[in-house]
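*Asks:* Got a structure for you, coords15.cif, holding mmCIF, C-alpha atoms and all ligand atoms.
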data_final
#
loop_
_atom_site.group_PDB
_atom_site.id
_atom_site.type_symbol
_atom_site.label_atom_id
_atom_site.label_comp_id
_atom_site.auth_asym_id
_atom_site.auth_seq_id
_atom_site.Cartn_x
_atom_site.Cartn_y
_atom_site.Cartn_z
ATOM 1 C CA MET A 1 -23.227 -4.928 20.861
ATOM 2 C CA SER A 2 -20.925 -2.418 19.150
ATOM 3 C CA VAL A 3 -18.052 -3.702 17.005
ATOM 4 C CA PRO A 4 -14.650 -2.480 18.292
ATOM 5 C CA GLN A 5 -13.121 0.176 16.079
ATOM 6 C CA LYS A 6 -10.201 -0.788 13.864
ATOM 7 C CA ILE A 7 -7.345 1.635 13.233
ATOM 8 C CA ALA A 8 -6.189 1.765 9.602
ATOM 9 C CA LEU A 9 -3.080 3.523 8.371
ATOM 10 C CA VAL A 10 -2.488 4.182 4.664
ATOM 11 C CA THR A 11 0.934 5.359 3.484
ATOM 12 C CA GLY A 12 1.051 8.093 0.828
ATOM 13 C CA SER A 13 -2.678 8.761 1.092
ATOM 14 C CA HIS A 14 -3.101 12.438 0.280
ATOM 15 C CA LYS A 15 -3.678 11.675 -3.426
ATOM 16 C CA GLY A 16 -4.019 8.956 -6.043
ATOM 17 C CA LEU A 17 -4.678 5.360 -5.041
ATOM 18 C CA GLY A 18 -3.767 5.958 -1.387
ATOM 19 C CA TYR A 19 -6.440 8.636 -1.091
ATOM 20 C CA ALA A 20 -9.035 6.373 -2.721
ATOM 21 C CA ILE A 21 -8.141 3.519 -0.347
ATOM 22 C CA ALA A 22 -8.276 5.800 2.703
ATOM 23 C CA ARG A 23 -11.672 7.100 1.563
ATOM 24 C CA LYS A 24 -13.103 3.605 1.030
ATOM 25 C CA LEU A 25 -11.836 2.346 4.392
ATOM 26 C CA ALA A 26 -13.150 5.436 6.196
ATOM 27 C CA GLN A 27 -16.612 4.794 4.733
ATOM 28 C CA GLN A 28 -16.794 1.500 6.644
ATOM 29 C CA ASP A 29 -18.691 1.632 9.933
ATOM 30 C CA ASN A 30 -15.971 0.500 12.286
ATOM 31 C CA ILE A 31 -12.722 1.807 10.820
ATOM 32 C CA GLN A 32 -10.814 4.907 11.939
ATOM 33 C CA VAL A 33 -8.458 5.865 9.123
ATOM 34 C CA VAL A 34 -5.186 7.724 9.531
ATOM 35 C CA VAL A 35 -4.236 9.559 6.325
ATOM 36 C CA THR A 36 -0.493 10.147 6.009
ATOM 37 C CA SER A 37 1.693 12.240 3.720
ATOM 38 C CA ARG A 38 5.236 13.532 3.522
ATOM 39 C CA LYS A 39 4.149 17.165 3.397
ATOM 40 C CA GLU A 40 1.797 18.182 6.173
ATOM 41 C CA GLN A 41 -0.138 20.623 3.993
ATOM 42 C CA ASP A 42 -0.911 17.873 1.436
ATOM 43 C CA GLY A 43 -2.348 15.650 4.150
ATOM 44 C CA LEU A 44 -4.370 18.393 5.810
ATOM 45 C CA THR A 45 -5.867 19.342 2.436
ATOM 46 C CA ALA A 46 -6.836 15.690 1.859
ATOM 47 C CA GLN A 47 -8.355 15.537 5.333
ATOM 48 C CA GLN A 48 -10.422 18.642 4.531
ATOM 49 C CA ARG A 49 -11.554 17.247 1.169
ATOM 50 C CA LEU A 50 -12.791 14.119 2.898
ATOM 51 C CA ALA A 51 -14.452 16.152 5.663
ATOM 52 C CA ALA A 52 -16.315 18.123 2.972
ATOM 53 C CA GLU A 53 -17.864 14.775 1.963
ATOM 54 C CA GLY A 54 -18.747 14.011 5.570
ATOM 55 C CA ILE A 55 -15.849 11.532 5.969
ATOM 56 C CA GLN A 56 -13.755 12.063 9.118
ATOM 57 C CA VAL A 57 -10.147 10.833 9.160
ATOM 58 C CA ALA A 58 -7.150 11.443 11.413
ATOM 59 C CA TYR A 59 -3.887 12.699 9.993
ATOM 60 C CA HIS A 60 -0.167 12.288 10.679
ATOM 61 C CA THR A 61 2.941 13.099 8.636
ATOM 62 C CA LEU A 62 4.960 10.168 7.312
ATOM 63 C CA ASP A 63 7.978 9.857 5.067
ATOM 64 C CA VAL A 64 8.414 6.109 4.689
ATOM 65 C CA ASN A 65 12.118 6.531 3.894
ATOM 66 C CA ASP A 66 12.853 8.352 7.133
ATOM 67 C CA ASP A 67 13.502 6.321 10.299
ATOM 68 C CA SER A 68 12.599 9.150 12.654
ATOM 69 C CA SER A 69 9.360 9.923 10.778
ATOM 70 C CA VAL A 70 8.296 6.262 11.037
ATOM 71 C CA GLN A 71 9.250 6.212 14.726
ATOM 72 C CA GLN A 72 7.253 9.390 15.425
ATOM 73 C CA LEU A 73 4.191 7.948 13.725
ATOM 74 C CA THR A 74 4.533 4.672 15.650
ATOM 75 C CA THR A 75 4.810 6.448 19.007
ATOM 76 C CA TRP A 76 1.838 8.646 18.158
ATOM 77 C CA ALA A 77 -0.289 5.624 17.124
ATOM 78 C CA GLN A 78 0.704 3.772 20.307
ATOM 79 C CA GLN A 79 -0.161 6.736 22.523
ATOM 80 C CA THR A 80 -3.343 7.691 20.657
ATOM 81 C CA TYR A 81 -4.887 4.293 19.910
ATOM 82 C CA GLY A 82 -2.674 1.633 21.517
ATOM 83 C CA ARG A 83 -3.011 -0.357 18.305
ATOM 84 C CA VAL A 84 -2.827 -0.413 14.524
ATOM 85 C CA ASP A 85 -5.068 -3.013 12.874
ATOM 86 C CA ILE A 86 -4.713 -2.290 9.171
ATOM 87 C CA LEU A 87 -1.613 -1.119 7.327
ATOM 88 C CA VAL A 88 -1.806 -0.355 3.615
ATOM 89 C CA ASN A 89 1.677 0.033 2.131
ATOM 90 C CA ASN A 90 0.656 2.188 -0.811
ATOM 91 C CA ALA A 91 3.423 4.819 -1.036
ATOM 92 C CA GLY A 92 5.542 4.143 -4.080
ATOM 93 C CA VAL A 93 7.637 5.685 -6.812
ATOM 94 C CA ASN A 94 8.004 4.860 -10.500
ATOM 95 C CA PRO A 95 10.947 6.632 -12.173
ATOM 96 C CA SER A 96 10.440 8.317 -15.524
ATOM 97 C CA GLN A 97 10.259 6.116 -18.602
ATOM 98 C CA PRO A 98 13.417 7.351 -20.433
ATOM 99 C CA GLU A 99 15.415 6.389 -17.363
ATOM 100 C CA GLU A 100 13.702 3.020 -17.234
ATOM 101 C CA ALA A 101 14.093 2.053 -20.898
ATOM 102 C CA SER A 102 16.926 -0.400 -20.360
ATOM 103 C CA LEU A 103 18.582 -2.348 -17.590
ATOM 104 C CA LEU A 104 21.862 -1.675 -19.392
ATOM 105 C CA THR A 105 21.635 2.097 -19.033
ATOM 106 C CA VAL A 106 19.449 2.727 -16.005
ATOM 107 C CA GLN A 107 21.237 4.722 -13.301
ATOM 108 C CA LEU A 108 22.014 2.484 -10.349
ATOM 109 C CA GLU A 109 21.212 5.437 -8.078
ATOM 110 C CA THR A 110 17.706 5.391 -9.518
ATOM 111 C CA MET A 111 17.376 1.683 -8.860
ATOM 112 C CA LEU A 112 18.577 2.198 -5.308
ATOM 113 C CA SER A 113 16.178 5.027 -4.503
ATOM 114 C CA THR A 114 13.279 3.105 -6.067
ATOM 115 C CA PHE A 115 14.115 0.023 -3.996
ATOM 116 C CA SER A 116 14.405 2.240 -0.952
ATOM 117 C CA THR A 117 10.815 3.513 -1.229
ATOM 118 C CA ASN A 118 9.111 0.467 -2.757
ATOM 119 C CA VAL A 119 10.748 -2.302 -0.701
ATOM 120 C CA LEU A 120 12.997 -1.216 2.176
ATOM 121 C CA ALA A 121 10.506 1.344 3.455
ATOM 122 C CA VAL A 122 7.852 -1.370 3.638
ATOM 123 C CA ALA A 123 10.224 -3.470 5.764
ATOM 124 C CA ARG A 124 10.914 -0.396 7.940
ATOM 125 C CA ILE A 125 7.276 0.481 8.620
ATOM 126 C CA THR A 126 6.263 -3.152 9.046
ATOM 127 C CA GLN A 127 8.986 -3.686 11.655
ATOM 128 C CA ALA A 128 7.824 -0.564 13.491
ATOM 129 C CA LEU A 129 4.076 -1.219 13.464
ATOM 130 C CA LEU A 130 3.884 -5.009 13.727
ATOM 131 C CA PRO A 131 4.198 -4.979 17.549
ATOM 132 C CA LEU A 132 1.013 -2.840 17.660
ATOM 133 C CA MET A 133 -0.754 -5.635 15.779
ATOM 134 C CA GLN A 134 0.815 -8.509 17.703
ATOM 135 C CA THR A 135 -0.403 -7.089 21.040
ATOM 136 C CA HIS A 136 -3.985 -7.772 19.923
ATOM 137 C CA ASN A 137 -3.232 -10.686 17.578
ATOM 138 C CA TYR A 138 -5.008 -8.846 14.797
ATOM 139 C CA GLY A 139 -3.593 -7.289 11.667
ATOM 140 C CA ARG A 140 -4.251 -6.885 7.968
ATOM 141 C CA ILE A 141 -1.289 -5.726 5.881
ATOM 142 C CA VAL A 142 -1.893 -4.839 2.241
ATOM 143 C CA ASN A 143 1.120 -4.298 -0.008
ATOM 144 C CA VAL A 144 0.369 -2.410 -3.217
ATOM 145 C CA SER A 145 2.289 -4.103 -6.027
ATOM 146 C CA THR A 146 1.705 -4.508 -9.743
ATOM 147 C CA GLU A 147 1.100 -7.427 -12.070
ATOM 148 C CA MET A 148 4.024 -6.026 -14.139
ATOM 149 C CA ALA A 149 6.242 -7.395 -11.374
ATOM 150 C CA SER A 150 5.119 -10.995 -11.145
ATOM 151 C CA LEU A 151 7.839 -13.434 -12.154
ATOM 152 C CA THR A 152 5.331 -14.883 -14.619
ATOM 153 C CA THR A 153 4.935 -11.572 -16.498
ATOM 154 C CA LEU A 154 8.512 -10.303 -16.203
ATOM 155 C CA GLY A 155 9.573 -11.909 -19.497
ATOM 156 C CA SER A 156 6.475 -10.711 -21.361
ATOM 157 C CA ASP A 157 6.769 -8.098 -24.151
ATOM 158 C CA TYR A 158 3.452 -6.599 -23.089
ATOM 159 C CA TYR A 159 4.861 -4.245 -20.434
ATOM 160 C CA PRO A 160 7.581 -1.577 -20.576
ATOM 161 C CA LEU A 161 10.936 -2.847 -19.339
ATOM 162 C CA SER A 162 11.009 -0.526 -16.288
ATOM 163 C CA PRO A 163 13.801 -2.335 -14.432
ATOM 164 C CA SER A 164 13.890 -0.204 -11.267
ATOM 165 C CA TYR A 165 10.146 -0.236 -10.812
ATOM 166 C CA ARG A 166 9.442 -3.844 -11.717
ATOM 167 C CA LEU A 167 12.393 -5.337 -9.833
ATOM 168 C CA SER A 168 11.526 -3.271 -6.752
ATOM 169 C CA LYS A 169 7.928 -4.517 -6.808
ATOM 170 C CA LEU A 170 9.243 -8.050 -7.329
ATOM 171 C CA GLY A 171 11.160 -7.443 -4.092
ATOM 172 C CA LEU A 172 7.951 -6.265 -2.445
ATOM 173 C CA ASN A 173 6.211 -9.446 -3.577
ATOM 174 C CA GLY A 174 9.038 -11.498 -2.058
ATOM 175 C CA LEU A 175 8.808 -9.512 1.164
ATOM 176 C CA THR A 176 5.097 -10.349 1.277
ATOM 177 C CA VAL A 177 5.774 -14.093 1.004
ATOM 178 C CA LEU A 178 8.507 -14.049 3.653
ATOM 179 C CA LEU A 179 6.447 -12.006 6.089
ATOM 180 C CA ALA A 180 3.449 -14.286 5.592
ATOM 181 C CA LYS A 181 5.661 -17.245 6.455
ATOM 182 C CA GLU A 182 6.733 -15.564 9.692
ATOM 183 C CA LEU A 183 3.132 -14.727 10.551
ATOM 184 C CA GLN A 184 1.784 -18.247 9.980
ATOM 185 C CA GLY A 185 -0.660 -19.318 12.678
ATOM 186 C CA THR A 186 -1.466 -15.744 13.738
ATOM 187 C CA ASN A 187 -4.440 -13.563 12.918
ATOM 188 C CA ILE A 188 -2.155 -11.106 11.136
ATOM 189 C CA LEU A 189 -2.637 -11.544 7.391
ATOM 190 C CA VAL A 190 -0.364 -10.015 4.772
ATOM 191 C CA ASN A 191 -1.083 -9.995 1.047
ATOM 192 C CA ALA A 192 -0.049 -8.064 -2.039
ATOM 193 C CA TYR A 193 -2.225 -6.914 -4.914
ATOM 194 C CA SER A 194 -2.125 -5.256 -8.293
ATOM 195 C CA PRO A 195 -4.541 -2.304 -8.592
ATOM 196 C CA GLY A 196 -4.321 -2.207 -12.399
ATOM 197 C CA TRP A 197 -3.435 0.770 -14.557
ATOM 198 C CA MET A 198 -5.130 3.810 -13.052
ATOM 199 C CA LYS A 199 -5.534 7.504 -13.819
ATOM 200 C CA THR A 200 -3.245 8.974 -11.162
ATOM 201 C CA ASP A 201 -0.137 11.165 -11.299
ATOM 202 C CA MET A 202 1.831 7.940 -11.704
ATOM 203 C CA GLY A 203 -0.523 6.191 -14.129
ATOM 204 C CA GLY A 204 -1.236 9.234 -16.341
ATOM 205 C CA SER A 205 -4.430 10.254 -18.076
ATOM 206 C CA ASP A 206 -4.459 7.414 -20.666
ATOM 207 C CA ALA A 207 -5.027 4.780 -17.981
ATOM 208 C CA PRO A 208 -8.327 2.937 -18.359
ATOM 209 C CA PHE A 209 -9.354 2.820 -14.715
ATOM 210 C CA THR A 210 -9.863 5.147 -11.773
ATOM 211 C CA ALA A 211 -8.073 5.051 -8.443
ATOM 212 C CA ASP A 212 -11.439 4.306 -6.875
ATOM 213 C CA GLU A 213 -11.705 1.097 -8.922
ATOM 214 C CA GLY A 214 -8.107 0.216 -8.040
ATOM 215 C CA ALA A 215 -8.910 0.600 -4.351
ATOM 216 C CA GLU A 216 -11.533 -2.172 -4.299
ATOM 217 C CA THR A 217 -9.114 -5.053 -3.755
ATOM 218 C CA ALA A 218 -7.355 -3.085 -0.995
ATOM 219 C CA LEU A 219 -10.648 -2.811 0.867
ATOM 220 C CA TYR A 220 -11.230 -6.550 0.426
ATOM 221 C CA LEU A 221 -7.754 -7.464 1.732
ATOM 222 C CA ALA A 222 -7.864 -4.916 4.563
ATOM 223 C CA THR A 223 -11.074 -6.434 5.894
ATOM 224 C CA LEU A 224 -10.357 -10.162 5.410
ATOM 225 C CA PRO A 225 -11.992 -12.442 7.983
ATOM 226 C CA GLU A 226 -9.939 -14.602 10.351
ATOM 227 C CA HIS A 227 -8.320 -17.498 8.417
ATOM 228 C CA GLY A 228 -8.542 -15.418 5.220
ATOM 229 C CA ALA A 229 -5.850 -15.331 2.532
ATOM 230 C CA GLN A 230 -2.258 -15.238 3.742
ATOM 231 C CA GLY A 231 0.773 -14.473 1.563
ATOM 232 C CA LYS A 232 -1.126 -14.269 -1.726
ATOM 233 C CA PHE A 233 -1.005 -11.912 -4.717
ATOM 234 C CA PHE A 234 -4.386 -10.598 -5.876
ATOM 235 C CA ALA A 235 -5.583 -8.999 -9.097
ATOM 236 C CA GLU A 236 -7.755 -5.941 -9.329
ATOM 237 C CA MET A 237 -11.339 -6.943 -8.668
ATOM 238 C CA ARG A 238 -13.062 -5.433 -11.696
ATOM 239 C CA LYS A 239 -11.038 -7.588 -14.086
ATOM 240 C CA PHE A 240 -12.522 -10.802 -12.741
ATOM 241 C CA GLY A 241 -15.591 -9.537 -10.928
ATOM 242 C CA GLY A 242 -14.216 -10.681 -7.579
ATOM 243 C CA PRO A 243 -11.054 -11.490 -5.650
ATOM 244 C CA ILE A 244 -8.719 -13.680 -7.709
ATOM 245 C CA ALA A 245 -5.212 -14.723 -6.644
ATOM 246 C CA LEU A 246 -2.511 -14.281 -9.318
ATOM 247 C CA GLN A 247 0.662 -16.276 -9.807
ATOM 248 C CA TRP A 248 3.699 -14.586 -8.293
HETATM 249 N N1 LIG B 1 -1.047 4.279 -11.153
HETATM 250 C C1 LIG B 1 -0.965 3.039 -11.602
HETATM 251 O O1 LIG B 1 -1.383 2.743 -12.729
HETATM 252 C C2 LIG B 1 -0.405 1.958 -10.718
HETATM 253 C C3 LIG B 1 -0.410 0.640 -11.198
HETATM 254 C C4 LIG B 1 0.072 -0.388 -10.387
HETATM 255 C C5 LIG B 1 0.523 -0.085 -9.105
HETATM 256 N N2 LIG B 1 0.529 1.193 -8.653
HETATM 257 C C6 LIG B 1 1.021 1.444 -7.293
HETATM 258 O O2 LIG B 1 0.036 2.133 -6.556
HETATM 259 C C7 LIG B 1 0.658 2.913 -5.530
HETATM 260 C C8 LIG B 1 0.115 4.324 -5.568
HETATM 261 O O3 LIG B 1 0.430 4.892 -6.818
HETATM 262 P P1 LIG B 1 -0.393 6.090 -7.472
HETATM 263 O O4 LIG B 1 -0.733 5.679 -8.838
HETATM 264 O O5 LIG B 1 -1.448 6.585 -6.556
HETATM 265 O O6 LIG B 1 0.813 7.161 -7.602
HETATM 266 P P2 LIG B 1 0.944 8.672 -7.152
HETATM 267 O O7 LIG B 1 -0.288 9.423 -7.463
HETATM 268 O O8 LIG B 1 2.247 9.120 -7.716
HETATM 269 O O9 LIG B 1 1.063 8.557 -5.554
HETATM 270 C C9 LIG B 1 2.200 8.022 -4.934
HETATM 271 C C10 LIG B 1 2.083 8.292 -3.458
HETATM 272 O O10 LIG B 1 3.239 7.768 -2.792
HETATM 273 C C11 LIG B 1 3.747 8.807 -1.955
HETATM 274 N N3 LIG B 1 5.163 8.651 -1.653
HETATM 275 C C12 LIG B 1 6.214 8.516 -2.501
HETATM 276 N N4 LIG B 1 7.364 8.473 -1.801
HETATM 277 C C13 LIG B 1 7.023 8.568 -0.487
HETATM 278 C C14 LIG B 1 7.751 8.587 0.723
HETATM 279 N N5 LIG B 1 9.097 8.500 0.752
HETATM 280 N N6 LIG B 1 7.060 8.677 1.892
HETATM 281 C C15 LIG B 1 5.727 8.778 1.892
HETATM 282 N N7 LIG B 1 4.975 8.786 0.782
HETATM 283 C C16 LIG B 1 5.624 8.697 -0.391
HETATM 284 C C17 LIG B 1 3.464 10.081 -2.740
HETATM 285 O O11 LIG B 1 3.621 11.217 -1.918
HETATM 286 P P3 LIG B 1 4.237 12.615 -2.503
HETATM 287 O O12 LIG B 1 3.092 13.315 -3.175
HETATM 288 O O13 LIG B 1 4.749 13.305 -1.299
HETATM 289 O O14 LIG B 1 5.325 12.230 -3.489
HETATM 290 C C18 LIG B 1 2.023 9.804 -3.147
HETATM 291 O O15 LIG B 1 1.151 10.030 -2.086
HETATM 292 C C19 LIG B 1 2.168 2.809 -5.779
HETATM 293 O O16 LIG B 1 2.734 1.864 -4.897
HETATM 294 C C20 LIG B 1 2.249 2.327 -7.218
HETATM 295 O O17 LIG B 1 3.443 1.637 -7.485
HETATM 296 C C21 LIG B 1 0.068 2.226 -9.420
#
As structure tokens, how would this structure be written, given the file I've shared?
Ligand SMILES: NC(=O)c1ccc[n+]([C@@H]2O[C@H](COP(=O)([O-])OP(=O)(O)OC[C@H]3O[C@@H](n4cnc5c(N)ncnc54)[C@H](OP(=O)(O)O)[C@@H]3O)[C@@H](O)[C@H]2O)c1
*Replies:*
Amino acid sequence: MSVPQKIALVTGSHKGLGYAIARKLAQQDNIQVVVTSRKEQDGLTAQQRLAAEGIQVAYHTLDVNDDSSVQQLTTWAQQTYGRVDILVNNAGVNPSQPEEASLLTVQLETMLSTFSTNVLAVARITQALLPLMQTHNYGRIVNVSTEMASLTTLGSDYYPLSPSYRLSKLGLNGLTVLLAKELQGTNILVNAYSPGWMKTDMGGSDAPFTADEGAETALYLATLPEHGAQGKFFAEMRKFGGPIALQW
């Protein structure tokens, strides 16, 4: 008996961690991945790169900050598949370090735009796509956060201050907990995770790990079995050799 195909959508997946997550998901037998990007050419190039490896993915444009872009994607997914089973909220921004050196001097505009992409956009896309999960009582939502943003590490001297970035991801963590509460008793599971410090445009070349390594926990959370983790915060897998929940 063939396993029904799952539809997986990854935000910001033409490069970096999003690309690695899309690639890993698309390598699973029963998952049709939709790569998304703000600029169409970026996404089509990513689609071609994957095709060159023998990995077929669908593509649609998506700017997570734009209501009409999210609506267009939702309508297209409804008409094309009638469902979305997996949503990876990967798209994110991290303002430059000089800007982020102090909460006392950071531009409030910068904080606002960072919150817009890292938190509000996740609420926007979740509101739009959740009905396509509820119809089939199946969904796996993976929110890409960072351990720099857990309340337990916020006071630590180990990380840069980065107020816009860390407070926005703290908001994303809170969103994850609230959504999980609303989804209790359903087969729609939402969790956040920290992919670790990776060599991407955001992470820079000094980072110790690859985006491919950072994508492992996303694959785990995107394919959780029924009654799997709900409303938890996971670490990157390689650090502990398996899925480990962190403190918020
Ligand atoms: N790199 C790290 O060390 C690290 C560590 C912890 C967590 N993370 C998280 O991992 C995620 C991916 O980061 P990354 O390292 O892969 O960074 P990246 O290479 O800079 O990629 C960020 C992605 O987000 C997309 N994006 C930004 N704003 C968007 C918008 N309004 N609509 C749609 N897409 C948008 C970007 O698209 P454009 O190319 O169009 O801008 C790009 O595809 C982020 O949520 C980040 O916070 C990264």
*Asks:* Report as a VMD selection string all protein, DNA and RNA residues lying within 6 Å of stretch 54-70 of chain A, evaluated on only C-alpha atoms, omitting residues in the same chain fewer than 6 positions from it.
*Replies:* chain A and resid 33 to 38 40 121
*Asks:* Residues within 8 Å of ligand LIG 1 (chain B), counting only C-alpha atoms and all ligand atoms: report them as a ChimeraX atom specification.
*Replies:* /A:11-19,36-39,42,62-66,89-94,117-118,121,144-148,165,169,194-204,207,211
*Asks:* Which distance in Å separates atom CA of A:Ile31 and atom CA of A:Lys239, to one decimal?
*Replies:*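 Interatomic distance, atom CA of A:Ile31 to atom CA of A:Lys239: 26.7 Å.
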*Asks:* With distances taken over all atoms listed in the file, which residue among A:Tyr193, A:Gln47, A:Ile7, A:His227 lies nearest A:Gln78?
*Replies:*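 Of A:Tyr193, A:Gln47, A:Ile7, A:His227, the one nearest A:Gln78, counting all atoms listed in the file, is A:Ile7.
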*Asks:* For A:Leu120, work out the shell of residues within 10 Å, counting all atoms listed in the file and skipping chain neighbours fewer than 6 positions away, then give it as a PDB file with C-alpha atoms, in the frame of the given file.
*Replies:*
ATOM      1  CA  VAL A  64       8.414   6.109   4.689  1.00  0.00           C
ATOM      2  CA  ASN A  65      12.118   6.531   3.894  1.00  0.00           C
ATOM      3  CA  LEU A 112      18.577   2.198  -5.308  1.00  0.00           C
ATOM      4  CA  SER A 113      16.178   5.027  -4.503  1.00  0.00           C
ATOM      5  CA  THR A 114      13.279   3.105  -6.067  1.00  0.00           C
ATOM      6  CA  THR A 126       6.263  -3.152   9.046  1.00  0.00           C
ATOM      7  CA  SER A 168      11.526  -3.271  -6.752  1.00  0.00           C
ATOM      8  CA  GLY A 171      11.160  -7.443  -4.092  1.00  0.00           C
ATOM      9  CA  LEU A 172       7.951  -6.265  -2.445  1.00  0.00           C
ATOM     10  CA  LEU A 175       8.808  -9.512   1.164  1.00  0.00           C
TER      11      LEU A 175
END
*Asks:* Can you spell out as an MDAnalysis selection string the set of residues that the PyMOL selection byres (((chain A and resi 141) around 9) and not hetatm) selects in the structure I just provided?
*Replies:* chainID A and resid 85:89 126 139:140 142:143 188:192 221:222
*Asks:* Take atom CA of A:Leu44 and atom CA of A:Gly214 and report the distance between them in Å, one decimal.
*Replies:* 23.2 Å
*Asks:* Given the choices A:Val177, A:Ala149, A:Gly231, A:Ala20, which gets closest to A:Thr210 if the distance is worked out from all atoms listed in the file?
*Replies:*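 Ranked by minimum distance to A:Thr210, first place goes to A:Ala20.
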*Asks:* Let me have the centre and edge lengths in Å, one decimal, of the box along x, y and z around every listed atom of stretch 48-63 of chain A with 4 Å of margin on each side, as AutoDock Vina command-line options.
*Replies:*
--center_x -5.4 --center_y 14.2 --center_z 6.3 --size_x 34.7 --size_y 16.8 --size_z 18.2
